[in-house]
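What follows is the content of work37.txt (compact mmCIF, C-alpha atoms and all ligand atoms).
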```
# COMPACT_ATOMS: atom_id res chain seq x y z
CA MET A 1 70.53 92.69 104.91
CA ARG A 2 74.07 91.48 104.72
CA ARG A 3 76.01 91.59 101.50
CA ASP A 4 78.38 88.74 102.07
CA ALA A 5 82.01 89.18 101.13
CA GLY A 6 83.07 85.58 101.46
CA ALA A 7 84.31 83.03 98.99
CA GLY A 8 81.38 83.59 96.58
CA GLY A 9 80.92 86.80 94.58
CA VAL A 10 82.72 90.08 94.92
CA ALA A 11 81.30 92.19 97.75
CA GLY A 12 80.13 95.31 95.99
CA PRO A 13 77.41 97.92 96.07
CA PRO A 14 73.85 96.65 95.39
CA THR A 15 73.36 98.57 92.14
CA GLY A 16 75.86 98.75 89.34
CA PRO A 17 77.81 102.01 89.14
CA ALA A 18 81.28 101.79 87.61
CA THR A 19 83.73 99.77 89.67
CA ASP A 20 86.94 101.70 90.36
CA LEU A 21 88.76 98.97 92.26
CA ALA A 22 88.08 95.23 92.23
CA ILE A 23 89.88 92.87 94.59
CA GLU A 24 89.22 89.35 93.37
CA ALA A 25 89.94 86.21 95.43
CA LEU A 26 93.15 87.84 96.62
CA SER A 27 95.42 85.63 98.74
CA TRP A 28 98.90 85.91 100.20
CA ARG A 29 100.67 82.98 101.81
CA VAL A 30 104.08 83.26 103.47
CA GLY A 31 105.94 80.07 104.39
CA GLY A 32 102.75 78.05 104.30
CA VAL A 33 100.87 80.54 106.50
CA SER A 34 97.78 82.18 105.02
CA ILE A 35 97.93 85.93 105.76
CA VAL A 36 95.35 87.19 103.24
CA ASP A 37 92.77 84.57 102.39
CA GLY A 38 90.58 84.82 99.29
CA VAL A 39 89.42 88.43 99.76
CA ASN A 40 86.75 89.73 97.36
CA LEU A 41 85.88 93.42 97.51
CA ALA A 42 84.69 95.92 94.92
CA LEU A 43 84.82 99.67 95.32
CA ALA A 44 82.32 101.68 93.27
CA SER A 45 83.22 105.02 91.76
CA GLY A 46 83.08 107.65 94.51
CA GLU A 47 82.54 105.09 97.24
CA PHE A 48 84.17 105.16 100.69
CA VAL A 49 84.96 101.75 102.21
CA ALA A 50 86.70 101.37 105.57
CA VAL A 51 88.62 98.20 106.41
CA ILE A 52 88.57 97.23 110.07
CA GLY A 53 89.61 94.16 112.02
CA PRO A 54 91.50 93.07 115.14
CA ASN A 55 95.29 93.45 115.29
CA GLY A 56 96.99 91.02 112.91
CA ALA A 57 93.81 90.48 110.85
CA GLY A 58 95.69 91.23 107.61
CA LYS A 59 94.55 94.79 106.83
CA THR A 60 98.01 96.21 106.09
CA SER A 61 98.92 93.06 104.15
CA LEU A 62 95.80 93.54 102.00
CA PHE A 63 96.85 97.17 101.34
CA ASN A 64 100.35 95.99 100.43
CA LEU A 65 98.88 93.60 97.84
CA VAL A 66 96.55 96.22 96.38
CA SER A 67 99.23 98.95 96.19
CA GLY A 68 101.82 96.57 94.73
CA LEU A 69 104.32 96.42 97.61
CA ARG A 70 103.68 92.65 97.78
CA ARG A 71 102.69 90.17 95.12
CA PRO A 72 99.67 87.95 95.87
CA THR A 73 100.03 84.19 95.68
CA ALA A 74 96.56 84.03 94.10
CA GLY A 75 93.85 86.38 92.88
CA ARG A 76 93.66 89.64 90.95
CA VAL A 77 93.47 93.40 91.45
CA ARG A 78 91.71 95.54 88.82
CA LEU A 79 91.74 99.33 88.56
CA ALA A 80 88.83 100.65 86.50
CA GLY A 81 88.65 97.23 84.86
CA ALA A 82 92.36 96.96 83.98
CA ASP A 83 94.28 94.06 85.52
CA ILE A 84 97.11 95.64 87.57
CA THR A 85 98.05 92.52 89.57
CA GLY A 86 101.52 92.25 88.04
CA LEU A 87 102.39 95.96 87.97
CA PRO A 88 104.92 97.65 90.28
CA VAL A 89 103.87 100.43 92.69
CA HIS A 90 104.87 103.35 90.42
CA ARG A 91 102.93 101.98 87.42
CA ARG A 92 99.83 101.55 89.59
CA ALA A 93 100.28 105.12 90.85
CA ARG A 94 100.50 106.40 87.28
CA LEU A 95 97.27 104.58 86.44
CA GLY A 96 95.48 106.30 89.33
CA LEU A 97 96.06 104.30 92.51
CA GLY A 98 97.46 106.45 95.33
CA ARG A 99 98.47 105.26 98.77
CA THR A 100 99.46 107.02 102.00
CA PHE A 101 101.72 105.19 104.42
CA GLN A 102 101.84 105.13 108.19
CA SER A 103 105.31 106.66 107.87
CA SER A 104 105.46 110.11 106.31
CA SER A 105 106.50 110.84 102.72
CA VAL A 106 106.84 114.59 103.34
CA PHE A 107 110.11 116.54 102.84
CA GLY A 108 110.35 118.11 106.30
CA SER A 109 112.92 120.76 105.40
CA LEU A 110 110.86 122.17 102.50
CA ARG A 111 107.90 124.50 102.79
CA VAL A 112 104.40 123.07 102.54
CA ASP A 113 103.74 124.67 99.13
CA GLU A 114 107.15 123.54 97.85
CA ASN A 115 106.30 119.94 98.76
CA VAL A 116 103.07 120.12 96.78
CA ARG A 117 104.64 121.89 93.78
CA LEU A 118 107.36 119.29 93.67
CA ALA A 119 104.75 116.53 93.65
CA VAL A 120 102.70 118.25 90.92
CA GLN A 121 105.84 118.74 88.85
CA ALA A 122 106.92 115.12 89.35
CA HIS A 123 103.56 113.84 88.14
CA ARG A 124 103.64 116.14 85.12
CA GLY A 125 107.01 114.69 84.21
CA GLY A 126 108.58 118.05 83.32
CA SER A 127 111.74 119.75 84.53
CA MET A 128 112.26 119.39 88.28
CA ARG A 129 113.73 122.92 88.34
CA ALA A 130 110.37 124.54 87.82
CA TRP A 131 109.38 124.23 91.47
CA ARG A 132 112.32 126.47 92.40
CA ARG A 133 111.09 129.12 89.94
CA PRO A 134 107.31 129.09 90.33
CA ALA A 135 106.97 132.13 88.07
CA ALA A 136 108.42 129.98 85.28
CA ASP A 137 105.56 127.56 85.59
CA ARG A 138 102.42 129.25 86.83
CA GLY A 139 100.43 126.14 86.01
CA VAL A 140 102.27 124.13 88.63
CA ALA A 141 101.84 126.86 91.27
CA VAL A 142 98.13 127.24 90.50
CA ALA A 143 97.55 123.47 90.66
CA ALA A 144 99.46 123.29 93.96
CA ASP A 145 97.43 126.15 95.45
CA GLU A 146 94.18 124.45 94.43
CA ILE A 147 95.29 121.24 96.13
CA LEU A 148 96.35 123.12 99.27
CA ALA A 149 92.89 124.71 99.42
CA GLN A 150 91.29 121.30 98.96
CA VAL A 151 93.13 119.91 102.01
CA LEU A 152 92.55 123.08 104.09
CA LEU A 153 96.23 123.96 104.28
CA GLU A 154 96.33 127.36 102.51
CA ALA A 155 97.06 129.14 105.78
CA ARG A 156 100.11 126.94 106.37
CA SER A 157 101.41 126.97 102.80
CA ARG A 158 104.59 128.97 103.57
CA ASP A 159 105.43 127.08 106.77
CA THR A 160 108.19 124.49 106.92
CA ALA A 161 106.58 121.07 106.49
CA GLY A 162 108.60 119.58 109.35
CA ALA A 163 106.96 122.04 111.77
CA LEU A 164 103.39 120.91 111.01
CA SER A 165 101.27 119.07 113.55
CA HIS A 166 100.58 115.36 112.86
CA GLY A 167 97.10 116.28 111.62
CA ASP A 168 98.38 118.92 109.18
CA LYS A 169 101.14 116.54 108.05
CA ARG A 170 98.47 113.98 107.18
CA LYS A 171 96.66 116.63 105.14
CA LEU A 172 99.92 117.38 103.34
CA GLU A 173 100.43 113.65 102.61
CA ILE A 174 96.94 113.59 101.08
CA ALA A 175 97.84 116.72 99.07
CA LEU A 176 100.93 114.94 97.69
CA LEU A 177 98.71 112.05 96.61
CA LEU A 178 96.20 114.41 94.99
CA ALA A 179 99.02 115.88 92.90
CA GLY A 180 98.87 112.62 90.93
CA SER A 181 95.08 112.93 90.36
CA PRO A 182 94.38 109.43 91.68
CA ARG A 183 91.11 107.71 90.92
CA VAL A 184 91.40 105.53 94.04
CA LEU A 185 93.08 106.49 97.32
CA LEU A 186 94.29 103.95 99.87
CA LEU A 187 94.55 105.62 103.29
CA ASP A 188 96.49 103.65 105.89
CA GLU A 189 95.45 104.67 109.42
CA PRO A 190 95.21 108.41 108.69
CA MET A 191 94.27 109.23 112.30
CA ALA A 192 97.30 107.49 113.86
CA GLY A 193 99.17 109.94 116.10
CA VAL A 194 96.77 112.82 115.30
CA SER A 195 95.69 114.89 118.32
CA ALA A 196 91.99 114.97 119.20
CA GLY A 197 91.83 118.66 118.28
CA ASP A 198 93.12 117.98 114.75
CA VAL A 199 90.75 115.07 114.03
CA PRO A 200 87.61 117.00 112.89
CA ALA A 201 89.45 119.02 110.20
CA LEU A 202 91.24 115.91 108.93
CA VAL A 203 87.94 114.02 108.82
CA GLU A 204 86.45 116.86 106.74
CA VAL A 205 89.36 116.72 104.29
CA ILE A 206 89.00 112.95 103.92
CA ARG A 207 85.22 113.20 103.57
CA SER A 208 85.61 115.73 100.75
CA LEU A 209 87.69 113.25 98.74
CA THR A 210 84.59 111.21 97.94
CA ARG A 211 81.73 113.64 98.58
CA VAL A 212 83.12 116.69 96.75
CA HIS A 213 85.85 115.36 94.49
CA ARG A 214 84.29 111.96 93.65
CA ARG A 215 87.41 109.92 94.27
CA SER A 216 87.09 106.41 95.69
CA VAL A 217 88.64 105.69 99.07
CA LEU A 218 89.69 102.48 100.81
CA MET A 219 90.80 103.28 104.36
CA VAL A 220 92.25 101.20 107.20
CA GLU A 221 91.41 102.90 110.47
CA HIS A 222 91.19 101.79 114.10
CA HIS A 223 89.12 104.74 115.35
CA MET A 224 85.57 103.42 115.05
CA ASP A 225 83.92 106.82 115.46
CA VAL A 226 85.83 108.05 112.40
CA VAL A 227 85.00 104.87 110.46
CA LEU A 228 81.29 105.13 111.25
CA ASP A 229 81.27 108.81 110.36
CA LEU A 230 82.98 108.45 106.97
CA ALA A 231 82.34 105.03 105.47
CA ASP A 232 79.59 104.08 103.02
CA ARG A 233 80.48 100.46 103.78
CA VAL A 234 82.68 98.74 106.33
CA ALA A 235 84.73 95.65 105.42
CA VAL A 236 85.67 93.48 108.40
CA MET A 237 88.80 91.34 108.21
CA HIS A 238 89.51 88.45 110.55
CA HIS A 239 92.35 85.91 110.25
CA GLY A 240 93.12 87.19 106.74
CA ALA A 241 89.58 86.70 105.38
CA LEU A 242 86.77 89.17 104.82
CA LEU A 243 84.12 88.39 107.39
CA SER A 244 81.52 90.94 106.34
CA CYS A 245 81.11 94.01 104.17
CA ASP A 246 78.04 96.14 104.66
CA THR A 247 76.73 99.49 105.86
CA PRO A 248 78.23 100.69 109.15
CA ALA A 249 74.93 100.07 110.98
CA ALA A 250 74.59 96.51 109.67
CA VAL A 251 78.21 95.68 110.48
CA MET A 252 77.85 97.00 114.03
CA ALA A 253 74.78 94.81 114.52
CA ASP A 254 76.41 91.68 113.03
CA ARG A 255 76.97 88.98 115.67
CA THR A 256 79.79 87.35 113.69
CA VAL A 257 81.64 90.65 113.73
CA GLN A 258 81.05 91.12 117.45
CA GLU A 259 82.42 87.62 118.11
CA ALA A 260 85.53 88.36 116.01
CA TYR A 261 86.16 91.37 118.25
CA LEU A 262 85.38 89.51 121.49
CA GLY A 263 87.54 91.06 124.18
CA GLU A 264 88.21 94.16 122.06
CA GLU A 265 86.17 97.32 121.96
CA LEU A 266 84.36 97.78 118.67
N1 LIG B 1 106.26 89.67 105.60
C1 LIG B 1 105.61 88.90 106.48
N2 LIG B 1 106.04 87.65 106.75
C2 LIG B 1 105.39 86.88 107.62
N3 LIG B 1 104.29 87.24 108.28
C3 LIG B 1 103.82 88.48 108.08
C4 LIG B 1 104.44 89.38 107.16
N4 LIG B 1 103.75 90.54 107.15
C5 LIG B 1 102.72 90.36 108.00
N5 LIG B 1 102.77 89.14 108.58
C6 LIG B 1 101.81 88.59 109.54
O1 LIG B 1 100.54 88.64 108.92
C7 LIG B 1 99.54 88.92 109.91
C8 LIG B 1 98.73 90.12 109.48
O2 LIG B 1 99.53 91.29 109.62
P1 LIG B 1 99.01 92.73 109.17
O3 LIG B 1 100.05 93.72 109.56
O4 LIG B 1 98.57 92.70 107.77
O5 LIG B 1 97.73 92.88 110.11
P2 LIG B 1 96.89 94.18 110.44
O6 LIG B 1 95.45 93.79 110.41
O7 LIG B 1 97.30 95.31 109.59
O8 LIG B 1 97.32 94.46 111.96
P3 LIG B 1 97.39 95.84 112.79
O9 LIG B 1 95.99 96.29 112.99
O10 LIG B 1 98.04 95.43 114.08
O11 LIG B 1 98.23 96.82 111.98
C9 LIG B 1 100.27 89.12 111.25
O12 LIG B 1 100.19 87.92 111.98
C10 LIG B 1 101.69 89.41 110.82
O13 LIG B 1 102.60 88.99 111.78
```

Can you give me the file's structure in the form of structure tokens?
Amino acid sequence: MRRDAGAGGVAGPPTGPATDLAIEALSWRVGGVSIVDGVNLALASGEFVAVIGPNGAGKTSLFNLVSGLRRPTAGRVRLAGADITGLPVHRRARLGLGRTFQSSSVFGSLRVDENVRLAVQAHRGGSMRAWRRPAADRGVAVAADEILAQVLLEARSRDTAGALSHGDKRKLEIALLLAGSPRVLLLDEPMAGVSAGDVPALVEVIRSLTRVHRRSVLMVEHHMDVVLDLADRVAVMHHGALLSCDTPAAVMADRTVQEAYLGEEL
């Protein structure tokens, strides 16, 4: 069965758990060119949806609209029911929408645990000096340690962040997001540049976001083995539109999807 994600209703799960993120008829036109074209997609609480599509399909542009980096020319974005379409990035983040970027947001000269404490402190809105004096704010240190355990980085906590492998740096970027207790995480190509040896641990960290910690995840990723392993549903973009959104098995068997990828390995 295919749950269509086209111009009609919002492509969502078959039953009705709470919707964490709703993308409604979202469009972005630049200079008369349609880059994102009427995308409808709903993410249920605790659901993992991967966005795939050929190069230039509009995946990053869709993420930019959802995270607030770009303003859509039509359509809406709702977070837990609240319309966030007009809000800037930092307001969306405060409401529970966290995004990783392809470029790193880590302070390379600080230690791993210092990066996380700083992020926890920033989200708590208190004095930024506390991270220098962890004893003065045990709560921050405890929260940071819990997050480091969650992303499997305890053993590296006292290392300089700049010395981490790409895979561990990605875990740290996820840790920095978790410091803000996001309801929905947008992960932009988390496996890019990560060595094959680091992939399994990073996959486990990402899997735990939904399976253990009940966050919702929308992920753009080119590695199909990772997508098929992690995603509850796969959304396929092509020429700015959503072609299909269904279980990984159904998407892989979909002829329309195969035709969209003609000439590219799926
Ligand atoms: N600011 C912009 N102005 C004009 N065109 C843009 C802009 N940003 C993106 N585009 C175009 O929109 C299309 C979609 O780009 P986008 O980066 O969203 O695709 P993508 O699916 O993420 O591709 P990839 O998989 O290669 O990262 C491309 O043709 C791109 O050149």

Practice problem: Select, from A:Asp20, A:Asp113, A:Glu189, A:Asp83, the residue with the minimum atom-to-atom distance to ligand LIG 1 (chain B), counting only C-alpha atoms and all ligand atoms. | Solution: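 Among the listed residues, A:Glu189 lies closest to ligand LIG 1 (chain B).
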
Exercise. For ligand LIG 1 (chain B), collect every residue having any atom at a distance of at most 9 Å from a ligand atom (counting all atoms listed in the file); output as an NGL selection string.
Key: :A and (29-31 or 33-36 or 52-64 or 70 or 189 or 220-222 or 237-240)

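Using all atoms listed in the file, the contacts of His166 (chain A) at a cut-off of 8 Å, with sequence neighbours closer than 6 positions omitted, comprise Gly193, Val194 and Ser195 of chain A.
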
Quiz item: Which residue out of A:Asp232, A:Asp254, A:Glu24, A:Asp225 has the minimum interatomic distance to Ala44 (chain A) when all atoms listed in the file are used?
Solution: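 The answer is A:Asp232, which sits nearest to Ala44 (chain A).
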
Quiz prompt | For Ala144 (chain A): contacts at 7 Å, all atoms listed in the file, fewer than 3 positions along chain excluded, given as a PyMOL selection string | solution = chain A and resi 113+116-117+120+140-141+147-148

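For the set A:Pro190, A:Pro248, A:Gly32, A:Gly180, the residue with the smallest atom-to-atom gap to Arg91 (chain A) is A:Gly180, counting all atoms listed in the file.
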
Please write out, as lines of an AutoDock Vina configuration file, where the centre of an axis-aligned box around all listed atoms of region 190-203 of chain A lies and how long its edges are, in Å to one decimal, after adding 5 Å on each side.
```
center_x = 93.4
center_y = 113.3
center_z = 113.9
size_x = 21.6
size_y = 21.5
size_z = 20.5
```

Quiz prompt | Selection: 9 Å around His213 (chain A), only C-alpha atoms, excl. self and same-chain fewer than 4 positions, as a count of residues only | solution = 3

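Comparing A:His123, A:Arg211, A:Arg156, A:His223 by their smallest distance to Ala93 (chain A), the closest is A:His123 (using all atoms listed in the file).
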
Self-check item: Residue nearest Leu185 (chain A) - candidates A:Val257, A:Val77, A:Ala241, A:Leu218, atoms counted: only C-alpha atoms
Solution: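 Result for the nearest residue to Leu185 (chain A): A:Leu218.
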
Exercise. Mind giving me the straight-line distance from CA of Leu202 (chain A) to CA of Gln150 (chain A) in Å, one decimal?
Key: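 Interatomic distance, CA of Leu202 (chain A) to CA of Gln150 (chain A): 11.3 Å.
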
Self-check item: Distance in Å - CA of Ala50 (chain A) versus CA of Val106 (chain A)
Solution: 24.2 Å
